[in-house]
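J.: final_9.csv is the file, holding CSV, C-alpha atoms and all ligand atoms:
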chain,number,residue,atom,x,y,z
A,216,ASP,CA,156.7,140.5,101.1
A,217,GLU,CA,155.7,138.2,98.4
A,218,VAL,CA,155.1,139.4,94.9
A,219,ILE,CA,153.4,137.5,92.1
A,220,ARG,CA,153.7,138.6,88.5
A,221,VAL,CA,151.7,137.0,85.7
A,222,LEU,CA,152.0,137.5,82.0
A,223,GLY,CA,148.5,137.3,80.3
A,224,ILE,CA,147.8,136.6,76.7
A,225,GLU,CA,144.4,137.2,74.9
A,226,THR,CA,143.7,136.2,71.3
A,227,SER,CA,140.1,134.9,71.4
A,228,CYS,CA,138.6,137.4,69.0
A,229,ASP,CA,140.0,140.4,67.1
A,230,GLU,CA,142.3,141.9,69.7
A,231,THR,CA,145.9,140.7,70.1
A,232,ALA,CA,146.8,141.5,73.7
A,233,ALA,CA,149.4,140.9,76.3
A,234,SER,CA,149.8,142.3,79.8
A,235,VAL,CA,151.8,141.9,83.0
A,236,VAL,CA,149.8,142.2,86.3
A,237,MET,CA,151.5,142.2,89.7
A,238,LEU,CA,150.0,141.4,93.1
A,239,GLU,CA,151.9,142.2,96.3
A,240,ASP,CA,150.9,140.0,99.1
A,241,ALA,CA,150.5,141.0,102.7
A,242,PRO,CA,153.8,141.5,104.6
A,243,ALA,CA,154.9,138.2,106.1
A,244,GLY,CA,153.4,137.6,109.5
A,245,ALA,CA,150.6,140.1,109.0
A,246,GLU,CA,147.2,138.9,110.1
A,247,ILE,CA,144.8,138.9,107.2
A,248,LEU,CA,141.3,139.6,108.4
A,249,SER,CA,139.5,139.3,105.1
A,250,PRO,CA,140.5,137.8,101.8
A,251,ARG,CA,140.7,141.4,100.5
A,252,ILE,CA,142.9,142.0,97.6
A,253,LEU,CA,145.9,144.0,98.8
A,254,SER,CA,147.4,145.9,95.9
A,255,PRO,CA,147.1,144.5,92.4
A,256,GLN,CA,148.9,146.6,89.8
A,257,ILE,CA,148.6,146.5,86.0
A,258,LEU,CA,152.3,146.9,85.0
A,259,SER,CA,151.4,146.9,81.2
A,260,ASN,CA,148.4,146.4,79.1
A,261,VAL,CA,149.1,146.2,75.3
A,262,ILE,CA,146.2,145.8,72.9
A,263,LEU,CA,146.4,145.7,69.1
A,264,SER,CA,142.9,145.9,67.5
A,265,GLN,CA,142.4,144.3,64.2
A,266,VAL,CA,139.3,146.5,63.6
A,267,GLU,CA,140.6,148.0,60.3
A,268,GLU,CA,141.5,144.6,58.9
A,269,HIS,CA,137.9,143.4,59.3
A,270,ALA,CA,136.0,146.7,58.6
A,271,ALA,CA,135.7,146.0,54.8
A,272,PHE,CA,133.8,142.8,55.6
A,273,GLY,CA,131.5,144.3,58.2
A,274,GLY,CA,132.5,141.8,60.8
A,275,VAL,CA,135.3,139.6,62.1
A,276,VAL,CA,136.7,137.2,59.5
A,277,PRO,CA,138.2,134.2,61.5
A,278,GLU,CA,140.9,133.3,59.0
A,279,ILE,CA,142.1,136.9,58.8
A,280,ALA,CA,142.0,137.2,62.6
A,281,ALA,CA,144.1,134.1,63.1
A,282,ARG,CA,146.7,135.2,60.7
A,283,ALA,CA,146.9,138.7,62.2
A,284,HIS,CA,147.4,137.1,65.7
A,285,VAL,CA,150.3,135.0,64.4
A,286,GLU,CA,152.0,138.0,62.9
A,287,ALA,CA,151.5,140.3,65.9
A,288,LEU,CA,151.6,138.2,69.0
A,289,ASP,CA,155.3,137.9,69.8
A,290,GLY,CA,155.9,141.7,69.3
A,291,ILE,CA,152.9,142.4,71.5
A,292,ILE,CA,154.3,140.1,74.3
A,293,GLU,CA,157.7,141.7,74.0
A,294,ALA,CA,156.1,145.1,74.3
A,295,ALA,CA,154.1,144.1,77.3
A,296,LEU,CA,157.2,142.8,79.1
A,297,ALA,CA,159.2,146.0,78.1
A,298,ASP,CA,156.3,148.3,79.2
A,299,ALA,CA,156.2,146.5,82.6
A,300,GLY,CA,160.0,146.9,82.9
A,301,VAL,CA,160.4,143.1,83.5
A,302,THR,CA,161.9,140.2,81.7
A,303,LEU,CA,160.4,136.7,81.5
A,304,ALA,CA,162.6,135.8,84.5
A,305,ASP,CA,160.6,138.1,86.7
A,306,VAL,CA,157.3,136.5,85.7
A,307,ASP,CA,155.8,133.7,87.9
A,308,ALA,CA,153.4,132.2,85.5
A,309,ILE,CA,151.9,132.5,82.0
A,310,ALA,CA,148.1,132.8,81.7
A,311,ALA,CA,146.4,132.5,78.3
A,312,THR,CA,142.8,132.5,77.1
A,313,ALA,CA,142.0,129.0,76.1
A,314,GLY,CA,138.4,129.6,75.1
A,315,PRO,CA,135.6,130.4,74.3
A,316,GLY,CA,136.3,132.2,71.0
A,317,LEU,CA,137.5,131.8,67.5
A,318,VAL,CA,139.6,128.6,67.4
A,319,GLY,CA,142.3,129.9,65.2
A,320,GLY,CA,143.1,132.8,67.5
A,321,LEU,CA,142.9,130.5,70.6
A,322,ILE,CA,145.4,128.1,69.1
A,323,VAL,CA,147.8,130.9,68.4
A,324,GLY,CA,147.6,132.4,71.9
A,325,LEU,CA,147.6,129.1,73.8
A,326,MET,CA,150.4,127.5,71.8
A,327,THR,CA,152.5,130.6,72.2
A,328,ALA,CA,151.9,130.5,76.0
A,329,LYS,CA,152.8,126.8,76.1
A,330,ALA,CA,156.0,127.5,74.2
A,331,ILE,CA,157.0,130.3,76.6
A,332,ALA,CA,156.0,128.4,79.7
A,333,SER,CA,157.8,125.3,78.5
A,334,ALA,CA,161.0,127.1,77.5
A,335,SER,CA,161.2,129.2,80.7
A,336,GLY,CA,160.0,126.4,83.1
A,337,LYS,CA,157.1,128.6,84.3
A,338,PRO,CA,153.6,127.3,85.0
A,339,LEU,CA,150.9,127.7,82.4
A,340,ILE,CA,147.4,128.7,83.3
A,341,ALA,CA,144.6,128.1,80.8
A,342,VAL,CA,142.0,130.8,81.4
A,343,ASN,CA,138.4,131.0,80.4
A,344,HIS,CA,137.8,134.4,78.7
A,345,LEU,CA,134.5,134.9,80.5
A,346,GLU,CA,136.3,134.3,83.8
A,347,GLY,CA,138.6,137.2,82.9
A,348,HIS,CA,135.6,139.5,82.4
A,349,ALA,CA,133.9,138.1,85.6
A,350,LEU,CA,136.9,138.9,87.8
A,351,THR,CA,138.0,142.3,86.4
A,352,ALA,CA,136.0,144.2,89.0
A,353,ARG,CA,138.2,142.7,91.7
A,354,LEU,CA,141.3,144.0,89.9
A,355,THR,CA,139.9,147.5,89.4
A,356,ASP,CA,137.6,148.0,92.5
A,357,GLY,CA,138.7,145.3,94.9
A,358,LEU,CA,135.1,144.0,94.9
A,359,GLU,CA,134.3,141.1,97.3
A,360,PHE,CA,132.3,138.1,96.4
A,361,PRO,CA,129.4,137.6,95.7
A,362,TYR,CA,128.3,140.0,93.0
A,363,LEU,CA,126.4,140.2,89.8
A,364,LEU,CA,127.9,140.6,86.4
A,365,LEU,CA,126.2,141.9,83.3
A,366,LEU,CA,128.4,141.0,80.3
A,367,VAL,CA,127.2,142.7,77.1
A,368,SER,CA,129.7,142.3,74.2
A,369,GLY,CA,129.7,141.4,70.5
A,370,GLY,CA,129.7,137.7,71.4
A,371,HIS,CA,128.0,137.5,74.8
A,372,THR,CA,125.0,138.7,76.6
A,373,GLN,CA,124.8,137.2,80.1
A,374,ILE,CA,124.0,137.9,83.7
A,375,VAL,CA,126.3,135.9,85.9
A,376,ARG,CA,126.4,135.4,89.6
A,377,VAL,CA,130.0,135.5,90.7
A,378,ALA,CA,130.4,133.9,94.1
A,379,GLY,CA,134.1,133.0,94.1
A,380,VAL,CA,137.0,132.0,91.9
A,381,GLY,CA,135.6,129.3,89.8
A,382,ASP,CA,132.1,129.7,91.3
A,383,TYR,CA,130.0,131.2,88.5
A,384,ARG,CA,126.4,130.7,87.8
A,385,ARG,CA,124.8,131.9,84.6
A,386,TRP,CA,121.4,133.4,85.5
A,387,ALA,CA,120.5,134.7,82.0
A,388,THR,CA,121.8,134.5,78.4
A,389,THR,CA,120.5,135.5,75.0
A,390,ILE,CA,118.3,133.1,73.2
A,391,ASP,CA,119.3,134.5,69.8
A,392,ASP,CA,121.6,137.5,69.0
A,393,ALA,CA,124.2,139.0,71.4
A,394,LEU,CA,123.5,142.6,72.1
A,395,GLY,CA,126.6,144.0,70.5
A,396,GLU,CA,125.8,141.9,67.4
A,397,ALA,CA,122.3,143.5,67.4
A,398,PHE,CA,123.9,146.9,67.4
A,399,ASP,CA,126.3,145.9,64.6
A,400,LYS,CA,123.4,144.5,62.5
A,401,VAL,CA,121.2,147.6,63.0
A,402,ALA,CA,124.2,149.8,62.0
A,403,LYS,CA,124.7,147.7,58.9
A,404,MET,CA,121.1,148.0,57.7
A,405,LEU,CA,121.3,151.7,58.2
A,406,ALA,CA,124.6,151.8,56.3
A,407,LEU,CA,126.6,153.0,59.3
A,408,PRO,CA,130.2,151.9,59.4
A,409,TYR,CA,131.6,148.9,61.4
A,410,PRO,CA,131.8,148.4,64.3
A,411,GLY,CA,128.3,149.6,64.6
A,412,GLY,CA,127.7,150.2,68.3
A,413,PRO,CA,129.5,153.5,68.7
A,414,ASN,CA,128.0,154.8,65.4
A,415,VAL,CA,124.5,153.9,66.4
A,416,GLU,CA,125.1,155.7,69.7
A,417,THR,CA,126.4,158.8,67.9
A,418,ALA,CA,123.4,158.9,65.5
A,419,ALA,CA,121.0,158.3,68.3
A,420,ALA,CA,122.1,161.4,70.1
A,421,LYS,CA,120.5,163.5,67.3
A,422,GLY,CA,117.3,161.4,67.1
A,423,ASP,CA,113.9,161.1,68.6
A,424,PRO,CA,113.6,158.0,70.7
A,425,THR,CA,109.8,158.1,70.6
A,426,ARG,CA,109.3,158.2,66.9
A,427,PHE,CA,109.3,154.4,66.5
A,428,ALA,CA,107.6,152.1,69.0
A,429,PHE,CA,109.9,149.1,68.8
A,430,PRO,CA,109.3,146.0,70.9
A,431,ARG,CA,110.9,145.3,74.2
A,432,PRO,CA,111.7,141.6,73.8
A,433,MET,CA,111.1,139.4,76.9
A,434,LYS,CA,110.0,142.3,79.0
A,435,GLY,CA,108.0,141.0,81.9
A,436,SER,CA,108.7,137.4,80.9
A,437,ALA,CA,109.1,134.8,83.7
A,438,GLN,CA,112.0,133.3,81.8
A,439,PRO,CA,115.2,135.2,82.8
A,440,ASP,CA,116.8,135.4,79.3
A,441,PHE,CA,117.4,138.0,76.7
A,442,SER,CA,116.3,138.2,73.1
A,443,PHE,CA,117.2,140.7,70.4
A,444,SER,CA,116.3,139.3,67.1
A,445,GLY,CA,112.7,140.4,67.1
A,446,LEU,CA,113.8,143.9,67.8
A,447,LYS,CA,116.3,143.7,65.0
A,448,THR,CA,113.6,142.6,62.6
A,449,ALA,CA,111.3,145.4,63.7
A,450,VAL,CA,114.1,147.9,63.0
A,451,ARG,CA,114.6,146.3,59.5
A,452,GLN,CA,110.9,146.6,58.7
A,453,ALA,CA,110.7,150.2,59.9
A,454,ALA,CA,113.8,151.1,57.8
A,455,THR,CA,112.5,149.3,54.7
A,456,ALA,CA,109.0,151.0,55.0
A,457,ILE,CA,110.4,154.5,54.9
A,458,ALA,CA,113.4,154.0,52.6
A,459,PRO,CA,115.2,156.0,51.2
A,460,LEU,CA,116.3,157.1,54.7
A,461,SER,CA,117.2,160.7,55.5
A,462,GLU,CA,119.9,161.4,58.1
A,463,GLN,CA,117.1,162.3,60.5
A,464,ASP,CA,115.3,159.0,59.8
A,465,VAL,CA,118.5,157.1,60.6
A,466,ALA,CA,119.0,159.2,63.8
A,467,ASP,CA,115.4,158.5,64.9
A,468,ILE,CA,115.7,154.8,64.2
A,469,CYS,CA,118.9,154.6,66.2
A,470,ALA,CA,117.4,156.6,69.1
A,471,SER,CA,114.3,154.4,69.2
A,472,PHE,CA,116.3,151.2,69.0
A,473,GLN,CA,118.6,152.3,71.7
A,474,SER,CA,115.8,153.2,74.0
A,475,ALA,CA,114.1,149.8,73.4
A,476,VAL,CA,117.4,148.1,74.2
A,477,ALA,CA,117.9,150.1,77.4
A,478,ASP,CA,114.3,149.4,78.5
A,479,ALA,CA,114.5,145.6,77.7
A,480,LEU,CA,117.9,145.4,79.5
A,481,ALA,CA,116.6,147.2,82.6
A,482,ASP,CA,113.7,144.8,82.9
A,483,ARG,CA,116.0,141.7,82.7
A,484,VAL,CA,118.5,143.2,85.1
A,485,ALA,CA,115.9,144.3,87.6
A,486,ARG,CA,114.7,140.7,87.7
A,487,ALA,CA,118.3,139.5,88.5
A,488,LEU,CA,118.8,142.2,91.2
A,489,LEU,CA,115.6,140.9,92.9
A,490,ARG,CA,116.9,137.3,92.8
A,491,PHE,CA,120.2,138.3,94.2
A,492,ARG,CA,118.5,140.1,97.1
A,493,THR,CA,116.5,136.9,97.8
A,494,ASP,CA,119.6,134.6,97.5
A,495,TYR,CA,121.8,136.9,99.6
A,496,PRO,CA,119.6,138.8,102.1
A,497,ASP,CA,122.5,139.6,104.4
A,498,LYS,CA,124.8,141.0,101.8
A,499,ALA,CA,125.6,144.5,103.0
A,500,GLU,CA,126.5,146.3,99.7
A,501,PRO,CA,125.4,144.2,96.8
A,502,ALA,CA,126.9,145.2,93.5
A,503,LEU,CA,126.2,145.0,89.7
A,504,VAL,CA,129.3,145.0,87.5
A,505,VAL,CA,129.0,145.8,83.8
A,506,ALA,CA,131.5,144.6,81.2
A,507,GLY,CA,131.8,144.2,77.5
A,508,GLY,CA,131.9,146.7,74.6
A,509,VAL,CA,128.2,147.6,74.9
A,510,ALA,CA,128.8,148.8,78.5
A,511,ALA,CA,130.5,151.8,76.8
A,512,ASN,CA,127.0,153.0,75.7
A,513,ARG,CA,126.0,156.0,77.8
A,514,ALA,CA,122.3,155.6,77.5
A,515,ILE,CA,122.5,152.0,78.6
A,516,ARG,CA,124.9,152.9,81.4
A,517,GLU,CA,122.7,155.6,82.7
A,518,THR,CA,119.7,153.4,82.7
A,519,LEU,CA,121.5,150.7,84.6
A,520,GLU,CA,123.0,153.2,87.0
A,521,ARG,CA,119.5,154.5,87.8
A,522,LEU,CA,118.2,151.0,88.2
A,523,CYS,CA,121.0,150.1,90.7
A,524,ALA,CA,120.4,153.3,92.7
A,525,GLU,CA,116.7,152.5,92.9
A,526,ASN,CA,117.4,149.0,94.2
A,527,GLY,CA,120.2,149.8,96.6
A,528,PHE,CA,122.9,148.2,94.4
A,529,ARG,CA,126.4,149.6,93.9
A,530,PHE,CA,127.0,150.1,90.2
A,531,VAL,CA,130.6,149.2,89.1
A,532,ALA,CA,131.8,149.9,85.6
A,533,PRO,CA,135.5,149.2,85.2
A,534,PRO,CA,137.4,151.6,82.8
A,535,HIS,CA,136.5,151.0,79.2
A,536,ARG,CA,139.9,149.6,78.3
A,537,LEU,CA,139.4,146.8,80.9
A,538,CYS,CA,135.8,146.2,80.1
A,539,THR,CA,136.5,145.3,76.5
A,540,ASP,CA,138.8,142.5,75.5
A,541,ASN,CA,142.3,142.8,77.0
A,542,ALA,CA,145.0,140.6,78.5
A,543,ALA,CA,145.2,142.3,81.9
A,544,MET,CA,142.0,140.5,82.8
A,545,ILE,CA,143.5,137.2,81.8
A,546,ALA,CA,146.7,137.8,83.8
A,547,TRP,CA,144.5,138.8,86.7
A,548,ALA,CA,142.4,135.6,86.4
A,549,GLY,CA,145.7,133.7,86.5
A,550,ILE,CA,146.7,135.4,89.7
A,551,GLU,CA,143.3,134.7,91.3
A,552,ARG,CA,143.6,131.1,90.3
A,553,LEU,CA,147.1,130.8,91.7
A,554,ASN,CA,145.9,132.4,95.0
A,555,ALA,CA,142.9,130.1,95.2
A,556,ASP,CA,145.1,127.1,94.5
A,557,MET,CA,143.0,126.5,91.5
A,558,ALA,CA,145.5,127.0,88.8
A,559,ASP,CA,145.6,124.1,86.4
A,560,THR,CA,149.3,124.5,86.2
A,561,ASP,CA,149.8,121.2,84.4
A,562,ALA,CA,147.9,122.6,81.4
A,563,PHE,CA,150.3,121.6,78.7
A,564,ASP,CA,147.8,119.1,77.3
A,565,PHE,CA,145.0,121.7,77.5
A,566,ALA,CA,143.3,122.0,74.1
A,567,PRO,CA,141.7,125.2,73.0
A,568,ARG,CA,137.9,125.1,73.6
A,569,SER,CA,136.0,127.4,71.2
A,570,ARG,CA,132.7,126.7,73.0
A,571,TRP,CA,134.0,126.5,76.6
A,601,LIG,O1,133.7,143.6,74.3
A,601,LIG,P1,133.9,143.9,72.9
A,601,LIG,O2,134.9,145.0,72.6
A,601,LIG,O3,134.4,142.7,72.0
A,601,LIG,C1,133.7,141.5,72.1
A,601,LIG,O4,132.7,141.4,71.4
A,601,LIG,O5,134.3,140.6,72.7
A,601,LIG,O6,132.5,144.3,72.3
A,601,LIG,C2,132.3,144.8,71.0
A,601,LIG,C3,130.9,145.1,70.8
A,601,LIG,C4,130.5,145.4,69.3
A,601,LIG,O7,129.4,144.7,68.9
A,601,LIG,C5,130.3,146.9,69.3
A,601,LIG,O8,129.4,147.3,68.3
A,601,LIG,C6,129.7,147.1,70.7
A,601,LIG,O9,130.5,146.2,71.5
A,601,LIG,N1,129.9,148.5,71.2
A,601,LIG,C7,128.8,149.3,71.5
A,601,LIG,C8,129.4,150.5,71.8
A,601,LIG,N2,130.7,150.4,71.8
A,601,LIG,C9,131.0,149.1,71.4
A,601,LIG,N3,127.5,149.1,71.4
A,601,LIG,C10,126.7,150.1,71.8
A,601,LIG,N4,127.2,151.3,72.1
A,601,LIG,C11,128.5,151.6,72.1
A,601,LIG,N5,128.9,152.8,72.5
A,602,ZN,ZN,135.2,139.5,75.7
I'd like the structure from this file rewritten - as structure tokens, please.
Ligand code: KG4
Ligand code: ZN
T.:
Amino acid sequence: DEVIRVLGIETSCDETAASVVMLEDAPAGAEILSPRILSPQILSNVILSQVEEHAAFGGVVPEIAARAHVEALDGIIEAALADAGVTLADVDAIAATAGPGLVGGLIVGLMTAKAIASASGKPLIAVNHLEGHALTARLTDGLEFPYLLLLVSGGHTQIVRVAGVGDYRRWATTIDDALGEAFDKVAKMLALPYPGGPNVETAAAKGDPTRFAFPRPMKGSAQPDFSFSGLKTAVRQAATAIAPLSEQDVADICASFQSAVADALADRVARALLRFRTDYPDKAEPALVVAGGVAANRAIRETLERLCAENGFRFVAPPHRLCTDNAAMIAWAGIERLNADMADTDAFDFAPRSRW
């Protein structure tokens, strides 16, 4: 049997992360009938969140993030190897996020990966962070291509058609704020602590979603994209109009905001499901994968689950720890690239790309 182990490194935002993922290949001589993934295993998945370092500023401060990555990364890599019960000698390649993201963090992660690869004589694979999110469902659920991905995080709001390793087509993106960013800004205007998303969700649970009729941006639009800044402005106006806000006011605003978001998302995603059906009429079990921090939101999740059921799509939500930023998805993308003979293994001159 052949075994591949890849060390992954992720430093593109405010998580310092390292992981070892292993893939056992089919026994030699076995006939492989489909390119199904045989048995990927996450041997370790170490994540250090910098949330507390940025909380006082209400958002990620790039300079603080870069310094924190420098201080933490080698310890995190050592922990990932130790947790996996391996040494560098057992690792076949080093995969690191090379973009998109905050350039300071990217430099720290990619340079560290280059140093390790160079000193150990192992190949280096420069991974696009979004490819990591896009391929996670194959690691967790063995999903086969093609499928649809809804990525909703603090930095991204996209619908991507994933048709193969390296074969990604963005069908929709936000024309203004990312959805997580909208959650964080709404939280800030209501004086809820950072990061806002989970706090908005908690407050919403006690609120009346029908009290404020907030707009559903882009709903019904022929353009496939998302928009959230108009909704954010409407929330601000409502909050200003009734200030000072009682606890119930805050709850009602959160519930009404969340319901507007779920409604707007459902409209955009429904459109993409329809297009997927048209493009792949013979696909037996089409699937929608959700990823990104906002995918943790139960109201949003339930709405999307219902939408998928109504449209005959399988709804795939990888575990939260693998949906938000992590290094297992980067190691896995490295394995996928190696298997597809698409690893840019001569990546020593690869420069970090903050806008890749
Ligand atoms: O994927 P993620 O952990 O990091 C990146 O942005 O890359 O996403 C973080 C975002 C934040 O904006 C946070 O407020 C949002 O996801 N978020 C949520 C929830 N949990 C996290 N938004 C809504 N509801 C939640 N339960
Ligand atoms: Zn991410």
J.: Could you report the residues within 6 Å of ligand LIG 601 (chain A), using only C-alpha atoms and all ligand atoms, as a ChimeraX atom specification?
T.: /A:368-370,395-396,398-399,410-413,416,507-509,511-512,539-540
J.: So which one's closest to ligand ZN 602 (chain A), A:Lys447, A:Lys403, A:Arg570, A:His348? Using all atoms listed in the file, please.
T.: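 Selected residue with least distance to ligand ZN 602 (chain A): A:His348.
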J.: Could you tell me which of A:Asp482, A:Glu217, A:Glu462, A:Asp423 comes closest to Asp440 of chain A if we count all atoms listed in the file?
T.: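 Comparing A:Asp482, A:Glu217, A:Glu462, A:Asp423 against Asp440 of chain A, the winner is A:Asp482.
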J.: Near Met237 of chain A, counting all atoms listed in the file, which residues have an atom at most 6 Å away, once you skip same-chain residues fewer than 4 positions from it, shown as number ranges by chain?
T.: A: 219-220, 255-256
J.: Return the single residue from A:Asp240, A:Ala454, A:Val301, A:Phe563 that is closest to Ser259 of chain A, with distances computed using all atoms listed in the file.
T.: A:Val301
J.: Identify, counting only C-alpha atoms and all ligand atoms, the protein, DNA and RNA residues located within 10 Å of ligand ZN 602 (chain A), and give them as number ranges by chain.
T.: A: 225, 227-230, 315-316, 344-348, 366-371, 506-508, 537-541, 544
J.: Using only C-alpha atoms, determine which residues lie at most 8 Å from Ile257 of chain A, disregarding the query and same-chain residues fewer than 6 positions distant; provide the list as JSON, numbers by chain.
T.: {"A": [234, 235, 236, 237, 543]}
J.: What does the distance between atom CA of Asp464 of chain A and atom CA of Lys421 of chain A come to in Å, to one decimal place?
T.: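 Between these atoms lies a distance of 10.2 Å.
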J.: Suppose you want the space between atom CA of Ala546 of chain A and atom CA of Leu258 of chain A; what is it in Å?
T.: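 Atom-to-atom, atom CA of Ala546 of chain A to atom CA of Leu258 of chain A, that is 10.8 Å.
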J.: Give me, please, the distance in Å between atom CA of Phe441 of chain A and atom CA of Thr389 of chain A, quoted to one decimal.
T.: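 So the two atoms, atom CA of Phe441 of chain A and atom CA of Thr389 of chain A, lie 4.3 Å apart.
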J.: From the list A:Pro534, A:Gly422, A:Pro430, A:Pro408, which residue is nearest Val266 of chain A when using only C-alpha atoms?
T.: A:Pro408
J.: Which residue out of A:Ala453, A:Ala311, A:Ala428, A:Ile515 has the minimum interatomic distance to Pro338 of chain A when all atoms listed in the file are used?
T.: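 Under the stated criterion, the closest residue is A:Ala311.
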J.: If I put a ball of radius 10 Å at (141.6, 128.4, 82.5) in the file's coordinates, which residues poke into it when counting all atoms listed in the file, written as a ChimeraX atom specification?
T.: /A:310-314,339-347,381,545,548-549,552,557-560,562,565,571
J.: Considering all atoms listed in the file, return as a list in words whatever protein or nucleic-acid residues lie within 12 Å of Ala437 of chain A, sequence-local ones (same chain, fewer than 5 positions apart) excluded.
T.: Ala387, Asp482, Arg483, Arg486 and Ala487 of chain A
